[in-house]
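Heads up, structure15.cif below (mmCIF, C-alpha atoms):
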data_work
loop_
_atom_site.label_atom_id
_atom_site.label_comp_id
_atom_site.auth_asym_id
_atom_site.auth_seq_id
_atom_site.Cartn_x
_atom_site.Cartn_y
_atom_site.Cartn_z
CA MET A 1 18.85 -0.98 -35.31
CA SER A 2 18.13 -4.60 -34.44
CA GLU A 3 14.57 -5.68 -35.17
CA LYS A 4 13.07 -6.96 -31.95
CA LYS A 5 9.40 -7.72 -31.45
CA ALA A 6 7.34 -4.97 -29.87
CA LYS A 7 7.40 -5.05 -26.06
CA VAL A 8 4.18 -4.43 -24.12
CA VAL A 9 4.44 -2.97 -20.60
CA THR A 10 1.26 -3.34 -18.54
CA PHE A 11 0.07 -1.29 -15.58
CA GLY A 12 -3.05 -1.78 -13.49
CA CYS A 13 -5.90 -4.25 -13.56
CA ARG A 14 -6.49 -7.73 -14.92
CA LEU A 15 -8.50 -6.28 -17.79
CA ASN A 16 -5.38 -4.40 -18.87
CA THR A 17 -3.45 -7.69 -18.69
CA TYR A 18 -5.99 -9.26 -21.03
CA GLU A 19 -5.95 -6.28 -23.40
CA SER A 20 -2.16 -6.28 -23.48
CA GLU A 21 -2.35 -9.73 -25.06
CA ILE A 22 -4.62 -8.31 -27.77
CA ILE A 23 -2.15 -5.45 -28.29
CA ARG A 24 0.75 -7.91 -28.48
CA LYS A 25 -1.10 -10.03 -31.03
CA HIS A 26 -1.94 -7.02 -33.24
CA ALA A 27 1.60 -5.66 -33.02
CA ASP A 28 3.14 -9.02 -33.94
CA GLU A 29 0.74 -9.55 -36.84
CA ALA A 30 1.52 -6.05 -38.13
CA GLY A 31 5.24 -6.80 -37.97
CA LEU A 32 5.81 -3.90 -35.58
CA THR A 33 9.40 -4.00 -34.32
CA ASP A 34 11.64 -1.92 -32.08
CA ALA A 35 8.68 -0.51 -30.21
CA VAL A 36 7.63 -0.30 -26.57
CA ILE A 37 3.88 -0.07 -25.91
CA PHE A 38 2.78 1.20 -22.49
CA ASN A 39 -0.73 0.12 -21.46
CA THR A 40 -1.35 2.58 -18.63
CA CYS A 41 -3.62 2.76 -15.59
CA ALA A 42 -5.37 5.81 -14.14
CA VAL A 43 -6.88 4.40 -10.96
CA THR A 44 -4.54 6.58 -8.87
CA ALA A 45 -2.26 9.54 -9.57
CA GLU A 46 0.62 7.32 -8.48
CA ALA A 47 -0.17 4.80 -11.22
CA THR A 48 0.11 7.54 -13.85
CA ARG A 49 3.34 8.86 -12.31
CA GLN A 50 4.88 5.39 -12.42
CA ALA A 51 3.93 5.03 -16.09
CA LYS A 52 5.62 8.32 -16.96
CA GLN A 53 8.70 7.29 -15.05
CA ALA A 54 8.83 3.97 -16.94
CA ILE A 55 8.42 5.76 -20.29
CA ARG A 56 11.41 8.00 -19.56
CA ARG A 57 13.45 4.98 -18.50
CA ALA A 58 12.53 3.13 -21.69
CA ARG A 59 13.62 6.07 -23.84
CA ARG A 60 17.01 6.25 -22.11
CA LYS A 61 17.47 2.50 -22.57
CA ASN A 62 16.10 2.39 -26.15
CA PRO A 63 16.86 5.77 -27.79
CA GLU A 64 15.75 4.58 -31.25
CA ALA A 65 12.59 2.71 -30.23
CA ASN A 66 9.09 3.88 -31.09
CA ILE A 67 7.21 4.50 -27.85
CA ILE A 68 3.43 4.12 -27.92
CA VAL A 69 1.28 5.07 -24.91
CA THR A 70 -2.26 3.80 -24.46
CA GLY A 71 -4.62 2.70 -21.69
CA CYS A 72 -6.79 4.63 -19.24
CA ALA A 73 -4.29 7.37 -18.38
CA ALA A 74 -3.80 8.09 -22.09
CA GLN A 75 -7.55 8.00 -22.74
CA ILE A 76 -8.42 10.40 -19.91
CA ASP A 77 -5.59 12.89 -20.41
CA PRO A 78 -3.71 12.36 -23.69
CA LYS A 79 -2.21 15.86 -23.46
CA GLN A 80 0.07 14.90 -20.56
CA PHE A 81 1.73 12.25 -22.74
CA SER A 82 1.75 14.32 -25.94
CA GLU A 83 3.89 16.84 -24.05
CA MET A 84 6.51 14.16 -23.34
CA GLU A 85 9.26 14.26 -25.96
CA GLU A 86 9.89 10.54 -25.31
CA VAL A 87 6.48 9.54 -26.72
CA ASN A 88 5.92 8.86 -30.44
CA GLN A 89 2.24 7.92 -30.45
CA ILE A 90 -0.80 8.02 -28.14
CA LEU A 91 -3.73 5.64 -28.64
CA GLY A 92 -7.07 5.64 -26.83
CA ASN A 93 -8.64 2.61 -25.16
CA GLU A 94 -10.76 1.83 -28.22
CA GLU A 95 -7.94 2.40 -30.71
CA LYS A 96 -5.46 0.19 -28.84
CA LEU A 97 -7.61 -2.87 -29.61
CA THR A 98 -7.79 -2.17 -33.36
CA ALA A 99 -5.31 -3.96 -35.63
CA ARG A 100 -4.87 -0.99 -37.97
CA SER A 101 -3.42 1.11 -35.13
CA TYR A 102 -0.22 -0.95 -35.37
CA GLN A 103 0.05 -1.21 -39.16
CA ASN A 104 2.57 0.98 -40.97
CA PHE A 105 3.47 2.57 -37.64
CA GLY A 106 5.59 5.66 -38.11
CA ILE A 107 4.75 5.88 -41.82
CA GLU A 108 2.13 8.30 -43.10
CA GLN A 109 0.94 8.96 -39.57
CA SER A 110 -1.30 12.01 -39.82
CA GLU A 111 -2.14 12.12 -36.12
CA ARG A 112 0.25 11.61 -33.24
CA VAL A 113 -2.70 11.45 -30.84
CA THR A 114 -5.51 9.04 -31.77
CA VAL A 115 -8.06 9.09 -28.95
CA ASN A 116 -11.78 8.67 -29.56
CA ASP A 117 -14.63 9.86 -27.33
CA ILE A 118 -14.94 6.71 -25.21
CA MET A 119 -18.50 7.61 -24.18
CA SER A 120 -19.58 7.20 -27.80
CA VAL A 121 -18.55 3.52 -27.84
CA ARG A 122 -21.60 1.28 -27.59
CA LYS A 123 -20.18 -2.24 -27.96
CA THR A 124 -17.32 -4.31 -26.62
CA ALA A 125 -15.98 -6.43 -29.44
CA PRO A 126 -15.03 -10.02 -28.59
CA HIS A 127 -11.29 -10.44 -29.14
CA LEU A 128 -10.30 -14.07 -29.54
CA ILE A 129 -6.92 -14.94 -28.08
CA ASP A 130 -5.42 -18.35 -28.77
CA GLY A 131 -3.11 -18.17 -25.78
CA PHE A 132 -1.25 -15.95 -23.37
CA GLU A 133 2.41 -15.25 -22.70
CA GLU A 134 1.82 -16.68 -19.24
CA ARG A 135 0.77 -20.22 -20.11
CA SER A 136 -0.98 -21.24 -16.88
CA ARG A 137 -4.26 -19.30 -16.77
CA ALA A 138 -6.14 -17.10 -19.21
CA PHE A 139 -8.25 -13.98 -18.82
CA VAL A 140 -11.46 -13.57 -20.79
CA GLN A 141 -13.12 -10.18 -21.04
CA VAL A 142 -16.91 -10.31 -20.76
CA GLN A 143 -17.63 -6.63 -20.13
CA ASN A 144 -16.10 -3.17 -20.36
CA GLY A 145 -16.94 0.26 -18.96
CA CYS A 146 -19.04 1.30 -15.98
CA ASN A 147 -22.41 3.03 -15.58
CA HIS A 148 -21.77 3.94 -11.95
CA ARG A 149 -20.16 7.19 -10.89
CA CYS A 150 -18.36 6.58 -7.61
CA THR A 151 -17.07 9.94 -6.41
CA PHE A 152 -13.43 8.81 -6.15
CA CYS A 153 -13.23 7.05 -9.51
CA ILE A 154 -12.02 8.41 -12.86
CA ILE A 155 -12.18 5.03 -14.66
CA PRO A 156 -15.60 5.49 -16.38
CA TYR A 157 -14.04 8.38 -18.27
CA GLY A 158 -11.28 6.07 -19.45
CA ARG A 159 -13.50 3.08 -20.20
CA GLY A 160 -16.89 4.53 -21.14
CA ASN A 161 -20.29 3.17 -20.20
CA SER A 162 -20.93 -0.50 -19.44
CA ARG A 163 -21.23 -2.84 -22.41
CA SER A 164 -21.20 -6.62 -22.52
CA VAL A 165 -19.80 -9.33 -24.79
CA PRO A 166 -22.50 -11.78 -26.00
CA ALA A 167 -22.45 -15.11 -24.15
CA GLY A 168 -21.89 -17.13 -27.32
CA GLU A 169 -18.68 -15.25 -28.06
CA VAL A 170 -17.45 -15.71 -24.48
CA VAL A 171 -18.16 -19.45 -24.56
CA SER A 172 -16.44 -19.74 -27.95
CA GLN A 173 -13.28 -18.09 -26.69
CA ILE A 174 -13.15 -20.17 -23.52
CA GLN A 175 -13.61 -23.36 -25.55
CA GLN A 176 -10.74 -22.30 -27.79
CA LEU A 177 -8.51 -21.67 -24.76
CA VAL A 178 -9.41 -25.03 -23.22
CA ASP A 179 -8.66 -26.72 -26.56
CA ASN A 180 -5.24 -25.06 -26.38
CA GLY A 181 -4.55 -26.58 -22.99
CA TYR A 182 -5.69 -23.95 -20.49
CA LYS A 183 -7.27 -25.35 -17.34
CA GLU A 184 -8.19 -22.11 -15.61
CA VAL A 185 -10.01 -19.05 -16.94
CA ILE A 186 -10.57 -15.77 -15.12
CA ILE A 187 -13.64 -13.75 -16.05
CA THR A 188 -12.66 -10.10 -16.18
CA GLY A 189 -14.01 -6.65 -16.98
CA VAL A 190 -14.39 -3.24 -15.36
CA ASP A 191 -17.62 -4.06 -13.50
CA ILE A 192 -18.43 -7.69 -14.32
CA THR A 193 -21.49 -7.93 -12.05
CA SER A 194 -23.17 -5.31 -14.27
CA TYR A 195 -22.97 -7.80 -17.17
CA GLY A 196 -25.96 -8.23 -19.47
CA PRO A 197 -28.64 -5.51 -19.44
CA ASP A 198 -27.44 -4.17 -22.80
CA LEU A 199 -27.82 -7.62 -24.42
CA PRO A 200 -31.00 -9.27 -25.76
CA GLY A 201 -32.87 -11.03 -22.96
CA ASN A 202 -31.00 -9.14 -20.23
CA PRO A 203 -28.77 -12.03 -19.11
CA THR A 204 -26.82 -11.75 -15.84
CA LEU A 205 -23.29 -12.70 -14.87
CA GLY A 206 -24.70 -15.77 -13.15
CA ILE A 207 -26.49 -16.89 -16.30
CA LEU A 208 -23.29 -16.33 -18.30
CA CYS A 209 -21.33 -18.51 -15.85
CA GLN A 210 -24.01 -21.22 -16.10
CA LYS A 211 -23.61 -21.23 -19.89
CA ILE A 212 -19.82 -21.38 -19.65
CA LEU A 213 -19.82 -24.33 -17.26
CA LYS A 214 -22.51 -26.20 -19.22
CA ASN A 215 -21.06 -25.63 -22.70
CA VAL A 216 -17.37 -26.01 -21.85
CA PRO A 217 -17.44 -29.16 -19.70
CA ASP A 218 -13.66 -29.66 -19.98
CA LEU A 219 -12.92 -26.32 -18.29
CA GLU A 220 -11.52 -27.35 -14.90
CA ARG A 221 -11.38 -24.01 -13.09
CA LEU A 222 -13.44 -20.84 -13.48
CA ARG A 223 -12.51 -17.77 -11.47
CA LEU A 224 -14.03 -14.29 -11.10
CA SER A 225 -11.77 -11.24 -11.04
CA SER A 226 -13.59 -8.75 -8.79
CA ILE A 227 -17.28 -8.48 -8.03
CA ASP A 228 -19.65 -5.93 -6.55
CA SER A 229 -21.46 -8.14 -4.05
CA ILE A 230 -24.61 -5.98 -4.01
CA GLU A 231 -25.09 -6.81 -7.72
CA THR A 232 -24.73 -10.58 -7.29
CA ASP A 233 -27.74 -12.28 -8.85
CA GLU A 234 -29.31 -15.51 -7.60
CA ALA A 235 -27.77 -17.65 -10.34
CA LEU A 236 -24.29 -16.34 -9.56
CA PHE A 237 -24.75 -16.93 -5.83
CA ASP A 238 -25.81 -20.53 -6.54
CA ILE A 239 -22.74 -21.14 -8.71
CA ILE A 240 -20.36 -19.55 -6.15
CA THR A 241 -21.74 -21.70 -3.35
CA SER A 242 -22.41 -25.02 -5.08
CA GLU A 243 -20.29 -25.40 -8.23
CA PRO A 244 -16.91 -27.09 -7.53
CA ARG A 245 -15.43 -25.76 -10.79
CA MET A 246 -16.04 -22.19 -9.58
CA MET A 247 -12.97 -21.44 -7.48
CA PRO A 248 -13.70 -20.70 -3.79
CA HIS A 249 -12.01 -17.30 -3.79
CA LEU A 250 -13.92 -14.03 -4.20
CA HIS A 251 -12.45 -10.56 -4.46
CA LEU A 252 -14.98 -7.93 -3.39
CA SER A 253 -15.17 -4.24 -4.24
CA LEU A 254 -15.98 -3.00 -0.71
CA GLN A 255 -13.91 0.25 -0.48
CA SER A 256 -14.98 1.15 3.08
CA GLY A 257 -16.61 -0.27 6.18
CA ASP A 258 -18.35 2.95 7.21
CA ASN A 259 -21.84 3.78 5.98
CA MET A 260 -21.33 7.55 5.81
CA ILE A 261 -18.11 7.16 3.80
CA LEU A 262 -19.83 4.64 1.52
CA LYS A 263 -22.58 7.20 0.94
CA ARG A 264 -20.04 9.93 0.18
CA MET A 265 -18.29 7.52 -2.18
CA LYS A 266 -21.67 7.00 -3.88
CA ARG A 267 -21.41 3.26 -3.42
CA ARG A 268 -24.55 1.13 -3.72
CA HIS A 269 -24.08 -1.03 -0.62
CA SER A 270 -23.92 -0.59 3.14
CA ARG A 271 -21.52 -2.29 5.56
CA GLU A 272 -24.46 -4.46 6.65
CA ASP A 273 -24.95 -5.60 3.02
CA SER A 274 -21.30 -6.68 2.83
CA ILE A 275 -21.42 -8.58 6.11
CA ALA A 276 -24.69 -10.32 5.16
CA PHE A 277 -23.30 -11.38 1.78
CA CYS A 278 -20.09 -12.84 3.20
CA ASN A 279 -21.96 -14.69 5.96
CA ALA A 280 -24.47 -16.11 3.47
CA VAL A 281 -21.67 -17.38 1.21
CA LEU A 282 -19.78 -18.96 4.10
CA THR A 283 -22.90 -20.61 5.43
CA ALA A 284 -23.44 -22.31 2.06
CA ARG A 285 -19.75 -22.94 1.25
CA PRO A 286 -17.54 -22.60 4.33
CA ASP A 287 -14.20 -22.88 2.51
CA VAL A 288 -14.62 -19.69 0.44
CA VAL A 289 -11.81 -17.18 1.00
CA PHE A 290 -12.47 -13.46 0.53
CA GLY A 291 -10.28 -10.64 -0.68
CA ALA A 292 -11.34 -6.99 -0.90
CA ASP A 293 -10.42 -3.51 -2.08
CA ILE A 294 -10.41 -0.94 0.72
CA ILE A 295 -9.56 2.76 0.49
CA ALA A 296 -7.85 4.38 3.49
CA GLY A 297 -8.10 8.10 4.18
CA PHE A 298 -11.07 9.02 1.99
CA PRO A 299 -12.03 12.72 2.40
CA THR A 300 -13.84 13.43 5.71
CA GLU A 301 -12.96 9.98 7.13
CA THR A 302 -12.69 10.28 10.91
CA ASP A 303 -10.81 7.92 13.21
CA GLU A 304 -14.12 6.25 14.11
CA MET A 305 -15.05 5.82 10.44
CA PHE A 306 -11.66 4.26 9.71
CA GLU A 307 -12.08 1.87 12.66
CA ASN A 308 -15.30 0.68 11.01
CA SER A 309 -13.21 -0.37 8.00
CA MET A 310 -10.77 -2.18 10.28
CA ALA A 311 -13.70 -3.94 11.96
CA LEU A 312 -15.19 -4.92 8.59
CA VAL A 313 -12.11 -7.07 7.91
CA GLU A 314 -13.14 -9.24 10.85
CA GLU A 315 -16.88 -9.09 10.28
CA CYS A 316 -16.59 -10.07 6.59
CA HIS A 317 -13.89 -12.68 7.32
CA LEU A 318 -11.52 -11.05 4.82
CA THR A 319 -8.12 -12.57 4.12
CA TYR A 320 -6.52 -10.82 1.13
CA LEU A 321 -6.64 -7.02 1.37
CA HIS A 322 -5.89 -4.76 -1.58
CA VAL A 323 -5.39 -1.44 0.20
CA PHE A 324 -5.35 1.95 -1.50
CA SER A 325 -4.23 5.11 0.22
CA TYR A 326 -6.78 7.63 -1.10
CA SER A 327 -5.39 9.60 -4.04
CA GLU A 328 -7.42 12.51 -5.37
CA ARG A 329 -8.03 12.57 -9.11
CA ASP A 330 -8.81 15.81 -10.94
CA GLY A 331 -12.31 15.70 -12.38
CA THR A 332 -13.82 13.57 -9.62
CA PRO A 333 -16.27 14.89 -6.98
CA ALA A 334 -14.16 13.49 -4.13
CA ALA A 335 -11.25 15.70 -5.14
CA LYS A 336 -13.37 18.71 -4.17
CA MET A 337 -14.19 17.35 -0.72
CA PRO A 338 -12.15 18.29 2.40
CA GLN A 339 -8.95 16.27 2.10
CA LEU A 340 -7.10 14.47 4.89
CA ASP A 341 -3.42 15.07 5.47
CA ARG A 342 -1.37 12.61 3.42
CA SER A 343 0.42 11.38 6.52
CA ILE A 344 -2.95 10.29 7.98
CA ARG A 345 -3.87 8.48 4.76
CA LYS A 346 -0.48 6.75 4.71
CA GLU A 347 -0.70 5.72 8.38
CA ARG A 348 -4.21 4.28 7.98
CA ALA A 349 -3.24 2.39 4.83
CA ALA A 350 -0.25 0.92 6.69
CA ARG A 351 -2.50 -0.27 9.52
CA LEU A 352 -4.86 -1.95 7.05
CA ARG A 353 -1.97 -3.61 5.22
CA ASN A 354 -0.52 -4.87 8.49
CA LEU A 355 -3.91 -6.33 9.40
CA GLY A 356 -4.06 -7.92 5.95
CA GLU A 357 -0.63 -9.50 6.42
CA THR A 358 -1.80 -10.95 9.74
CA LYS A 359 -4.92 -12.39 8.10
CA VAL A 360 -2.89 -14.00 5.30
CA ASP A 361 -0.47 -15.44 7.85
CA ASP A 362 -3.37 -16.88 9.87
CA TYR A 363 -4.87 -18.42 6.74
CA LEU A 364 -1.60 -20.00 5.62
CA LYS A 365 -1.06 -21.41 9.11
CA LYS A 366 -4.50 -23.04 9.07
CA SER A 367 -3.77 -24.53 5.63
CA VAL A 368 -0.92 -26.73 6.88
CA GLY A 369 -1.94 -30.38 6.53
CA ASN A 370 -4.65 -29.66 3.96
CA GLN A 371 -4.79 -31.24 0.53
CA VAL A 372 -4.76 -28.60 -2.22
CA ASN A 373 -4.74 -28.44 -6.00
CA ILE A 374 -2.02 -26.14 -7.31
CA LEU A 375 -2.06 -24.67 -10.80
CA ILE A 376 1.62 -24.63 -11.80
CA GLU A 377 2.66 -21.20 -13.11
CA LYS A 378 6.43 -21.40 -13.39
CA ASN A 379 9.50 -23.42 -12.45
CA ILE A 380 12.10 -21.77 -10.25
CA LYS A 381 15.44 -21.42 -12.01
CA GLY A 382 18.27 -23.13 -10.20
CA GLU A 383 15.90 -24.85 -7.79
CA ASN A 384 14.02 -28.12 -8.13
CA ALA A 385 10.66 -26.52 -7.36
CA SER A 386 7.63 -24.91 -8.98
CA ILE A 387 5.32 -22.06 -7.98
CA GLY A 388 1.58 -21.69 -8.47
CA HIS A 389 -1.71 -20.92 -6.74
CA THR A 390 -4.20 -23.14 -4.97
CA GLU A 391 -7.91 -23.09 -5.73
CA HIS A 392 -8.22 -20.50 -2.92
CA PHE A 393 -5.57 -18.39 -4.68
CA ALA A 394 -2.97 -18.98 -1.98
CA PRO A 395 0.56 -18.81 -3.45
CA ALA A 396 2.32 -22.14 -3.12
CA LYS A 397 5.74 -23.66 -3.72
CA ILE A 398 5.82 -27.33 -4.62
CA SER A 399 8.90 -29.53 -4.70
CA GLY A 400 10.00 -30.83 -8.08
CA SER A 401 9.82 -29.42 -11.58
CA HIS A 402 6.37 -29.60 -13.18
CA THR A 403 4.66 -28.72 -16.45
CA VAL A 404 3.37 -25.13 -16.50
CA GLY A 405 -0.43 -25.19 -16.65
CA HIS A 406 -0.67 -28.59 -14.92
CA ILE A 407 -2.85 -28.86 -11.81
CA ALA A 408 -0.93 -30.77 -9.14
CA LYS A 409 -2.56 -32.48 -6.16
CA ALA A 410 -0.46 -31.78 -3.07
CA ILE A 411 -0.36 -31.70 0.73
CA VAL A 412 0.62 -28.47 2.49
CA THR A 413 3.62 -29.19 4.72
CA GLY A 414 4.33 -25.69 5.98
CA TYR A 415 4.55 -22.03 5.04
CA GLN A 416 7.21 -19.35 4.91
CA ASP A 417 7.37 -15.72 3.74
CA GLY A 418 3.74 -15.68 2.60
CA LEU A 419 4.12 -18.89 0.59
CA LEU A 420 2.71 -22.36 1.24
CA ASN A 421 5.17 -25.27 0.98
CA ALA A 422 3.67 -28.43 -0.48
CA GLU A 423 4.53 -31.95 -1.55
CA ILE A 424 2.96 -33.95 -4.39
CA VAL A 425 0.31 -36.52 -3.49
CA ASN A 426 0.61 -39.72 -5.50
CA ASP A 427 -2.78 -40.95 -6.70
#
Translate this structure into structure tokens?
Amino acid sequence: MSEKKAKVVTFGCRLNTYESEIIRKHADEAGLTDAVIFNTCAVTAEATRQAKQAIRRARRKNPEANIIVTGCAAQIDPKQFSEMEEVNQILGNEEKLTARSYQNFGIEQSERVTVNDIMSVRKTAPHLIDGFEERSRAFVQVQNGCNHRCTFCIIPYGRGNSRSVPAGEVVSQIQQLVDNGYKEVIITGVDITSYGPDLPGNPTLGILCQKILKNVPDLERLRLSSIDSIETDEALFDIITSEPRMMPHLHLSLQSGDNMILKRMKRRHSREDSIAFCNAVLTARPDVVFGADIIAGFPTETDEMFENSMALVEECHLTYLHVFSYSERDGTPAAKMPQLDRSIRKERAARLRNLGETKVDDYLKKSVGNQVNILIEKNIKGENASIGHTEHFAPAKISGSHTVGHIAKAIVTGYQDGLLNAEIVND
């Protein structure tokens, strides 16, 4: 058996992407070889199904490999993976971030399933990462878990209660990444706007961002993963609207545009709150571009309620839509509510996605002629061009081959297939 480095396969959110780098680092340092580690997601039943399918594929392709399964799906229901003959080891969300989990793998293993009670975890340890496989931008985890109990969501049972990383540790890691050449950092977590109340002095996400920008002056671009706008504190609003190093792209956890559905979801905001927030941001910083999560076909959603979600796209000036067709999860209150026919859910999700595609197309069209700054992410093989994202997170293709991680000043000359075309601007 050839000794290849352990491969990490990631499903789900940006936090999982960050944690996969920690897993990769621990596996490499432990000398773990001929292994495939699946970092799973449980946000929908489909995400878990896809993970299982990938595990079976990996076993067929690598019959002698050790297969380790971890992540939220493994944390919430380890039994479903322990019953798969393809799986050698199951690790919980806390265990996957511990170096000893990958040492002496397959030797003297007393437990095939190592999954702790995630609700007993009180701290989120700061994991310092020197760099990432993708060399352009880096994720930094500032928070884990969630204290809220939205009726559709199983994630708190995979992540535990909210806990924050001390600001000093966050600043230290970002400084280390900047020293290693990274120009953009994305702040990530499960519910990052709940950052701070478990720390001395009760800092907020806004205060954390102030400290990052003040103490790491060479950081060129700071970006937020996803925020709950109703939890945005005054300091964060000020940074979003007035700090040029904070990227003008916000992804909002909205979920619905109907007040009754929001109430049944046990969300903390109303549609009016969302509209007021977006308008206030745009008044102070008109170039901000919004994305949002929206669920289509939540239990009891009528045609009129769904139309309120469609209307919210316009009223909140949304561009990038991340649309979920509602998927019931065992153990959640929403799964016990009257369910809509799956064909209705699918049709509504398709309508939202089509609207989202129109909004992206409109935005790209309006971008033609603008000057943008593109963070180079990769060079296209066989083509003298590079791909990256603008400060507004619009995907862009730029002529010529450029250094990955470099920020290129360019003019948008056109757009095609959801991608801006741009040419370098000579200073």
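Between CA of Pro156 (chain A) and CA of Pro248 (chain A) the separation is 29.1 Å.
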Output of the PyMOL selection byres ((chain A and resi 343-350) around 7), listed as a ChimeraX atom specification: /A:296-297,323-326,340-342,351-354
Best match for closeness to Ile187 (chain A) among A:Gln141, A:Ser82, A:Thr40, A:Thr151, counting only C-alpha atoms: A:Gln141
Selection near Ser253 (chain A), 7 Å with only C-alpha atoms, sequence-local residues under 6 positions removed, as a list in words: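 Contacts, in chain order: Ser226, Ile227, Asp228, Ala292 and Asp293 of chain A.
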Using all atoms listed in the file, which of A:Ala138, A:Asn62, A:Ala284, A:Leu312 sits nearest Tyr182 (chain A)? A:Ala138
Proximity to Val142 (chain A) - best of A:Glu86, A:Glu95, A:Asp238, A:Glu19, all atoms listed in the file: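 With all atoms listed in the file as the atom set, the closest residue is A:Glu19.
Excluding Gly414 (chain A) itself and any same-chain residue fewer than 6 positions from it, the protein and nucleic acid residues within 7 Å of it, counting all atoms listed in the file, are Val368, Leu420 and Asn421 of chain A.
Near Arg245 (chain A), within 10 Å and counting only C-alpha atoms, sit Glu184, Leu213, Pro217, Leu219, Glu220, Arg221, Leu222, Arg223, Ile239, Ile240, Ser242, Glu243, Met247, Pro248 and Glu391 of chain A; same-chain residues fewer than 2 positions away were not included.
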